[in-house]
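Q: Got a structure for you, written out below as structure tokens; questions coming shortly.
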Amino acid sequence: MSKRNVHKSMMSGTKHCAINTDYTGPLEKHHINGRKVRNAEGDWNIVYLSPDMHRMVHEGMIIIEGWFNTTSGRELIWHKKDEESITGQSSETYLIKRASTIRQK
């Protein structure tokens, strides 16, 4: 399946979130290591998340370590903010810097 068709499938509302597998609905595309890395659109750097999980990742409440091959197959490794890293890799997060919506006069 082409990347475009995979993206359409994930947005269709019939797939599960990679973290909250109980959620079935439209998913949002997240770049695990940001968009400025080499091959940023590669499968190793893309995960599809529910809107709530995506927000929590960008707020730093959930840390995505990446995709890893396990005895159960390819799995997304992640942890909550205060939990220890499973892989020992850096848990650097990519937080969205949002400007204040209140304008100063």
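Lettering and numbering for the structure tokens are positional, with chains as A, B, ... in the shown order, residues counted from 1 in each chain, and ligands counted from 1 in the shown order.
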Which residues of stretch 30-55 of chain A come within 12 Å of stretch 77-88 of chain A, and what is each one's closest atom pair and distance in Å (one decimal), counting only C-alpha atoms, sorted by chain and residue number, as a Markdown table?
A:
| residue | atom | partner | partner_atom | distance |
| --- | --- | --- | --- | --- |
| A:Ile32 | CA | A:Trp78 | CA | 10.6 |
| A:Trp44 | CA | A:Ile77 | CA | 11.8 |
| A:Val47 | CA | A:Ile77 | CA | 11.1 |
| A:Met53 | CA | A:Lys80 | CA | 11.1 |
Q: Output C-alpha atoms for every residue in that selection, as a PDB file, in the first residue's frame.
A:
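File produced: selection.pdb:
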ATOM      1  CA  ILE A  32       8.454  10.720  16.416  1.00  0.00           C
ATOM      2  CA  TRP A  44      10.415   4.457  11.502  1.00  0.00           C
ATOM      3  CA  VAL A  47       2.955   7.022  14.221  1.00  0.00           C
ATOM      4  CA  MET A  53      -2.742  11.101  22.748  1.00  0.00           C
TER       5      MET A  53
END
Q: What parts of stretch 1-92 of chain A does DSSP call strand (DSSP E)? I'd like the answer as a list in words.
A: Glu28, Lys29, His30, His31, Ile46, Val47, Tyr48, Leu49, Ile62, Ile63, Ile64, Glu65, Gly66, Trp67, Phe68, Asn69, Thr70, Gly73, Arg74, Glu75, Leu76, Ile77, Trp78, His79 and Lys80 of chain A
